[in-house]
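S.K.: Structure: start16.cif, mmCIF, C-alpha atoms.
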```
data_run
#
loop_
_atom_site.label_atom_id
_atom_site.label_comp_id
_atom_site.auth_asym_id
_atom_site.auth_seq_id
_atom_site.Cartn_x
_atom_site.Cartn_y
_atom_site.Cartn_z
CA MET A 1 0.00 0.00 0.00
CA GLY A 2 2.80 2.43 0.93
CA ASN A 3 4.49 2.24 -2.47
CA ALA A 4 1.20 2.78 -4.33
CA PHE A 5 0.29 5.69 -2.07
CA PHE A 6 3.65 7.38 -2.61
CA VAL A 7 3.72 6.92 -6.39
CA VAL A 8 0.12 8.08 -6.89
CA TRP A 9 0.63 11.02 -4.50
CA ARG A 10 3.73 12.23 -6.35
CA GLU A 11 2.37 11.74 -9.88
CA SER A 12 -1.06 13.16 -9.04
CA LEU A 13 0.53 16.16 -7.32
CA GLU A 14 2.44 16.96 -10.50
CA ALA A 15 -0.76 16.61 -12.54
CA PHE A 16 -2.64 18.93 -10.14
CA LEU A 17 0.17 21.49 -10.30
CA ILE A 18 0.18 21.37 -14.11
CA ALA A 19 -3.60 21.85 -14.16
CA GLY A 20 -3.21 24.78 -11.75
CA ILE A 21 -0.57 26.43 -13.95
CA LEU A 22 -2.79 26.10 -17.03
CA PHE A 23 -5.84 27.38 -15.14
CA ALA A 24 -3.91 30.41 -13.85
CA TRP A 25 -2.82 31.29 -17.40
CA LEU A 26 -6.41 31.07 -18.65
CA GLN A 27 -7.61 33.10 -15.67
CA ALA A 28 -5.35 35.94 -16.81
CA ASN A 29 -5.75 35.58 -20.58
CA ASP A 30 -9.26 34.26 -21.29
CA ASP A 31 -12.27 36.37 -20.38
CA THR A 32 -14.83 34.25 -22.22
CA GLY A 33 -14.63 31.18 -19.99
CA LYS A 34 -14.46 28.93 -23.06
CA GLY A 35 -10.77 28.26 -22.47
CA LYS A 36 -11.46 26.96 -18.97
CA ARG A 37 -14.16 24.64 -20.28
CA ALA A 38 -11.69 23.39 -22.89
CA LEU A 39 -9.13 22.91 -20.11
CA PHE A 40 -11.46 20.71 -18.06
CA LEU A 41 -12.39 18.78 -21.20
CA GLY A 42 -8.71 18.19 -21.89
CA LEU A 43 -8.02 17.13 -18.31
CA GLY A 44 -10.84 14.60 -18.53
CA ALA A 45 -9.52 13.32 -21.85
CA GLY A 46 -6.06 12.92 -20.33
CA VAL A 47 -7.45 10.81 -17.50
CA GLY A 48 -9.41 8.79 -20.05
CA LEU A 49 -6.27 8.09 -22.09
CA ALA A 50 -4.48 6.87 -18.95
CA CYS A 51 -7.40 4.56 -18.11
CA LEU A 52 -7.32 3.27 -21.68
CA LEU A 53 -3.67 2.33 -21.21
CA GLY A 54 -4.56 0.47 -18.02
CA TRP A 55 -7.31 -1.42 -19.83
CA ALA A 56 -4.86 -2.32 -22.61
CA LEU A 57 -2.28 -3.64 -20.12
CA LEU A 58 -4.87 -5.84 -18.44
CA GLY A 59 -6.09 -7.00 -21.86
CA VAL A 60 -2.59 -8.06 -22.87
CA GLN A 61 -2.13 -9.84 -19.55
CA ASP A 62 -5.37 -11.80 -20.03
CA GLU A 63 -4.10 -13.07 -23.39
CA LEU A 64 -0.81 -14.36 -21.96
CA THR A 65 -0.13 -17.43 -19.84
CA GLY A 66 2.81 -19.22 -18.27
CA GLU A 67 6.28 -18.09 -19.29
CA ALA A 68 4.99 -15.41 -21.68
CA LEU A 69 3.01 -13.78 -18.86
CA ASP A 70 6.02 -13.91 -16.53
CA MET A 71 8.21 -12.22 -19.15
CA PHE A 72 5.56 -9.55 -19.81
CA GLN A 73 5.29 -8.76 -16.10
CA THR A 74 9.07 -8.74 -15.72
CA ALA A 75 9.39 -6.37 -18.67
CA THR A 76 6.81 -4.10 -17.05
CA LEU A 77 8.95 -3.90 -13.91
CA PHE A 78 11.94 -2.81 -16.01
CA VAL A 79 9.81 -0.26 -17.88
CA ALA A 80 8.37 1.12 -14.63
CA ALA A 81 11.85 1.46 -13.10
CA GLY A 82 13.12 3.17 -16.24
CA LEU A 83 10.16 5.56 -16.46
CA ILE A 84 10.46 6.57 -12.81
CA THR A 85 14.16 7.29 -13.28
CA GLN A 86 13.62 9.20 -16.52
CA MET A 87 10.78 11.24 -15.00
CA VAL A 88 12.79 12.22 -11.92
CA LEU A 89 15.85 13.25 -13.95
CA TRP A 90 13.67 15.13 -16.47
CA MET A 91 11.90 17.04 -13.71
CA ARG A 92 15.23 17.86 -12.06
CA LYS A 93 16.51 19.34 -15.33
CA HIS A 94 13.36 21.08 -16.56
CA GLY A 95 11.32 21.65 -13.38
CA ARG A 96 12.40 25.28 -12.98
CA THR A 97 11.22 26.17 -16.48
CA MET A 98 8.09 24.00 -16.56
CA LYS A 99 5.72 26.88 -15.78
CA ALA A 100 7.15 29.12 -18.51
CA ARG A 101 7.15 26.26 -21.02
CA LEU A 102 3.55 25.31 -20.30
CA HIS A 103 2.49 28.94 -20.67
CA ALA A 104 4.32 29.16 -24.00
CA GLU A 105 2.76 25.91 -25.26
CA LEU A 106 -0.70 27.05 -24.18
CA SER A 107 -0.30 30.46 -25.80
CA SER A 108 0.92 28.90 -29.06
CA ALA A 109 -1.84 26.27 -29.06
CA ALA A 110 -4.51 28.89 -28.39
CA GLU A 111 -3.26 31.00 -31.31
CA ARG A 112 -3.13 28.05 -33.73
CA SER A 113 -6.19 26.03 -32.82
CA GLY A 114 -8.18 28.11 -30.37
CA HIS A 115 -9.89 26.29 -27.52
CA LEU A 116 -9.23 22.90 -29.12
CA GLY A 117 -5.51 23.58 -28.72
CA VAL A 118 -6.02 24.34 -25.03
CA ALA A 119 -7.78 21.00 -24.59
CA VAL A 120 -5.03 19.13 -26.44
CA VAL A 121 -2.24 20.67 -24.31
CA ALA A 122 -4.12 19.79 -21.11
CA ALA A 123 -4.90 16.26 -22.31
CA LEU A 124 -1.31 15.50 -23.28
CA ALA A 125 0.09 16.95 -20.05
CA VAL A 126 -2.22 14.93 -17.83
CA ALA A 127 -2.12 11.79 -20.00
CA ARG A 128 1.68 11.69 -19.61
CA GLU A 129 1.46 11.74 -15.82
CA GLY A 130 -1.48 9.34 -15.83
CA ALA A 131 0.18 6.86 -18.18
CA GLU A 132 3.29 6.79 -16.02
CA THR A 133 1.14 6.18 -12.94
CA VAL A 134 -0.68 3.30 -14.64
CA ILE A 135 2.59 1.59 -15.59
CA PHE A 136 4.05 2.14 -12.12
CA LEU A 137 0.97 0.66 -10.46
CA TYR A 138 0.97 -2.30 -12.82
CA GLY A 139 4.57 -2.97 -11.87
CA LEU A 140 3.78 -2.68 -8.15
CA ALA A 141 0.80 -5.01 -8.59
CA GLN A 142 3.14 -7.90 -9.48
CA GLY A 143 4.07 -8.39 -5.84
CA GLY A 144 1.25 -6.89 -3.80
CA GLU A 145 -2.36 -7.36 -2.72
CA MET A 146 -4.89 -5.63 -4.96
CA SER A 147 -6.97 -4.34 -2.02
CA ALA A 148 -3.93 -2.64 -0.46
CA LEU A 149 -2.91 -1.30 -3.88
CA ALA A 150 -6.39 0.16 -4.44
CA PHE A 151 -6.45 1.75 -0.98
CA GLY A 152 -3.00 3.26 -1.50
CA THR A 153 -4.08 4.61 -4.90
CA VAL A 154 -7.22 6.31 -3.57
CA THR A 155 -5.52 7.80 -0.51
CA GLY A 156 -2.55 8.94 -2.58
CA LEU A 157 -4.87 10.76 -4.99
CA ALA A 158 -6.77 12.39 -2.11
CA VAL A 159 -3.62 13.54 -0.30
CA ALA A 160 -2.18 14.89 -3.58
CA ALA A 161 -5.33 16.98 -4.09
CA LEU A 162 -5.06 18.23 -0.49
CA THR A 163 -1.38 19.08 -0.93
CA ALA A 164 -2.08 21.00 -4.14
CA TRP A 165 -4.97 22.84 -2.49
CA ILE A 166 -2.85 23.83 0.51
CA THR A 167 -0.12 25.04 -1.84
CA ALA A 168 -2.55 27.05 -3.95
CA LYS A 169 -4.29 28.65 -0.97
CA SER A 170 -1.03 29.25 0.93
CA LEU A 171 -2.67 28.01 4.11
CA ALA A 172 0.65 26.59 5.24
CA ARG A 173 4.27 27.35 4.53
CA LEU A 174 4.74 24.39 2.28
CA ASN A 175 8.01 24.40 0.36
CA ILE A 176 6.77 22.53 -2.70
CA ALA A 177 10.22 22.61 -4.37
CA LEU A 178 11.82 20.90 -1.36
CA LEU A 179 8.94 18.44 -1.15
CA LEU A 180 9.34 17.44 -4.80
CA ARG A 181 13.12 17.18 -4.42
CA LEU A 182 12.87 14.84 -1.43
CA SER A 183 10.18 12.77 -3.11
CA SER A 184 12.40 12.50 -6.20
CA ILE A 185 15.08 10.77 -4.14
CA LEU A 186 12.52 8.38 -2.66
CA LEU A 187 11.19 7.64 -6.16
CA LEU A 188 14.69 6.68 -7.30
CA VAL A 189 14.95 4.32 -4.32
CA LEU A 190 11.62 2.79 -5.36
CA ALA A 191 12.85 2.48 -8.97
CA SER A 192 15.91 0.55 -7.76
CA ALA A 193 13.56 -1.74 -5.81
CA LEU A 194 11.52 -2.46 -8.95
CA LEU A 195 14.76 -3.19 -10.79
CA VAL A 196 15.83 -5.69 -8.12
CA ALA A 197 12.38 -7.32 -8.22
CA ALA A 198 12.74 -7.76 -12.00
CA LEU A 199 16.21 -9.25 -11.54
CA ASP A 200 14.80 -11.71 -8.98
CA ARG A 201 12.39 -12.95 -11.64
CA LEU A 202 15.10 -13.31 -14.27
CA ILE A 203 17.39 -15.22 -11.89
CA GLY A 204 14.53 -17.43 -10.73
CA ALA A 205 13.61 -18.24 -14.34
CA GLY A 206 17.22 -19.05 -15.20
CA TYR A 207 17.70 -16.18 -17.67
CA LEU A 208 20.32 -14.46 -15.52
CA PRO A 209 23.06 -16.28 -13.57
CA PRO A 210 23.34 -15.30 -9.89
CA LEU A 211 27.19 -15.54 -10.16
CA LEU A 212 27.43 -15.89 -6.36
CA ASP A 213 24.41 -16.61 -4.22
CA PRO A 214 24.32 -15.35 -1.55
CA VAL A 215 27.09 -12.81 -1.21
CA TRP A 216 26.16 -12.35 2.45
CA ASP A 217 23.33 -13.12 4.85
CA THR A 218 21.89 -10.37 7.06
CA SER A 219 18.64 -12.15 7.86
CA LEU A 220 19.52 -12.14 11.56
CA LEU A 221 19.52 -8.33 11.47
CA LEU A 222 16.56 -7.91 9.13
CA ASP A 223 14.82 -10.82 7.47
CA ASP A 224 13.12 -9.78 4.21
CA THR A 225 10.62 -12.62 4.54
CA THR A 226 9.03 -11.12 7.67
CA LYS A 227 6.25 -8.56 7.42
CA GLY A 228 8.42 -5.59 8.38
CA GLY A 229 11.40 -6.80 6.35
CA LYS A 230 9.23 -7.36 3.26
CA LEU A 231 7.84 -3.83 3.55
CA ILE A 232 11.36 -2.40 3.52
CA ALA A 233 12.42 -4.79 0.76
CA ASP A 234 9.48 -3.82 -1.46
CA PHE A 235 10.27 -0.13 -1.13
CA SER A 236 14.08 -0.11 -1.13
CA GLY A 237 15.10 -3.34 -2.89
CA TYR A 238 16.81 -4.65 0.25
CA ARG A 239 17.68 -8.35 0.18
CA ALA A 240 18.96 -10.23 3.21
CA ARG A 241 20.67 -12.78 0.94
CA PRO A 242 21.52 -10.92 -2.28
CA SER A 243 23.19 -12.51 -5.28
CA LEU A 244 26.25 -10.97 -6.89
CA SER A 245 24.29 -10.28 -10.08
CA GLU A 246 21.74 -8.23 -8.14
CA LEU A 247 24.44 -6.25 -6.37
CA LEU A 248 26.30 -5.49 -9.59
CA VAL A 249 23.19 -4.31 -11.45
CA TRP A 250 21.98 -2.33 -8.41
CA ALA A 251 25.38 -0.64 -8.03
CA GLY A 252 25.49 0.07 -11.77
CA TYR A 253 22.04 1.64 -11.62
CA TRP A 254 23.03 4.02 -8.83
CA ALA A 255 26.32 4.88 -10.53
CA VAL A 256 24.44 5.93 -13.69
CA VAL A 257 21.75 7.80 -11.72
CA LEU A 258 24.27 9.75 -9.63
CA PHE A 259 26.24 10.67 -12.74
CA ALA A 260 23.06 11.87 -14.50
CA TRP A 261 21.91 13.68 -11.34
CA ARG A 262 25.13 15.69 -11.22
CA ARG A 263 24.90 16.50 -14.92
CA THR A 264 21.33 17.77 -14.61
CA SER A 265 22.36 19.98 -11.68
CA ARG A 266 25.01 21.62 -13.88
CA GLY A 267 22.57 21.92 -16.77
#
```
Kindly present the structure from the file in structure tokens form.
M.R.:
Amino acid sequence: MGNAFFVVWRESLEAFLIAGILFAWLQANDDTGKGKRALFLGLGAGVGLACLLGWALLGVQDELTGEALDMFQTATLFVAAGLITQMVLWMRKHGRTMKARLHAELSSAAERSGHLGVAVVAALAVAREGAETVIFLYGLAQGGEMSALAFGTVTGLAVAALTAWITAKSLARLNIALLLRLSSILLLVLASALLVAALDRLIGAGYLPPLLDPVWDTSLLLDDTTKGGKLIADFSGYRARPSLSELLVWAGYWAVVLFAWRRTSRG
């Protein structure tokens, strides 16, 4: 539940902030009210596109069985880990200019296509966040209970709306930039956990050699088969008895991420 809550909260918060930026631009530049109606239409279309992706994923899953289904689900874990990483690094590089870029896109779209352009910009912006959320949740669903996943999704969405509302109303001194920066680090930790989960599947299926298994055993300190240990393992990728293959890929992931993180800070 915790992973689903965190992912949905972060992605939904970004979607709410994007919607708020677009609404503020229309508030200042559209006196007719038609632009706002187009905005809400676009936001609804974006959510619909994300739901369509979810339906397609479930449809593909229903058509697969056995080894093919295992490979599809494993591939989804890799895709989810990659998307989370790409999204965090993209936001780190472009987050400061996102407001100006959205305003420019909205102004250009309004000039070219009128209110239809406004709807398209809103739909694409929200569909991107929604599609990422759908893929993340599908990846998380591979190792969790659906009831807990659903509860985490609903509460994450509600808390994201509350966070955006508090930010917009300035009812609290909420440093949204710091909040997004800290959540970015936690998202990268979650991405590494999804990567380790995918590696577990590949090793278990015999597609990837463990090389050395285990490298060490810390189950006396924290056993990842217990309830508390599994919670930490699901979020961080911790393994009490890791294989050398897992450690090498995990270390390689963080080496690449830290290198990219430093480059985006200079950019």
S.K.: Could you tell me which of A:Gln142, A:Trp9, A:Ala68, A:Gly48 comes closest to A:Ala198 if we count only C-alpha atoms?
M.R.: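 Ranking A:Gln142, A:Trp9, A:Ala68, A:Gly48 by distance to A:Ala198, first place goes to A:Gln142.
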S.K.: Would you translate the PyMOL selection byres ((chain A and resi 89) around 9) into the concrete set of residues it matches in this file, as a PyMOL selection string?
M.R.: chain A and resi 84-88+90-94+184+257+260-261+264
S.K.: What gap, in Å, lies between atom CA of A:Ala158 and atom CA of A:Glu14?
M.R.: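 So the two atoms, atom CA of A:Ala158 and atom CA of A:Glu14, lie 13.3 Å apart.
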S.K.: Interatomic distance between atom CA of A:Ser219 and atom CA of A:Leu77?
M.R.: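 Taking atom CA of A:Ser219 as the start and atom CA of A:Leu77 as the end point, the length is 25.2 Å.
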S.K.: Point out the residue among A:Trp25, A:Leu57, A:Thr133, A:Ala127 with the least atom-to-atom distance to A:Glu105, counting only C-alpha atoms.
M.R.: A:Trp25
S.K.: One decimal, in Å: what's the spacing between atom CA of A:Leu13 and atom CA of A:Ala100?
M.R.: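 It comes out at 18.4 Å.
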S.K.: Taking only C-alpha atoms into account, name the residue in A:Asp234, A:Asn3, A:Gly35, A:Ser243 that is nearest to A:Trp216.
M.R.: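 Of A:Asp234, A:Asn3, A:Gly35, A:Ser243, the one nearest A:Trp216 is A:Ser243, counting only C-alpha atoms.
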S.K.: Would you compute an axis-aligned box for stretch 196-201 of chain A, covering every atom listed for it in the file with 3 Å of margin on each side, and report centre and edge lengths in Å to one decimal as AutoDock Vina command-line options?
M.R.:
```
--center_x 14.3 --center_y -9.3 --center_z -10.1 --size_x 9.8 --size_y 13.3 --size_z 9.9
```
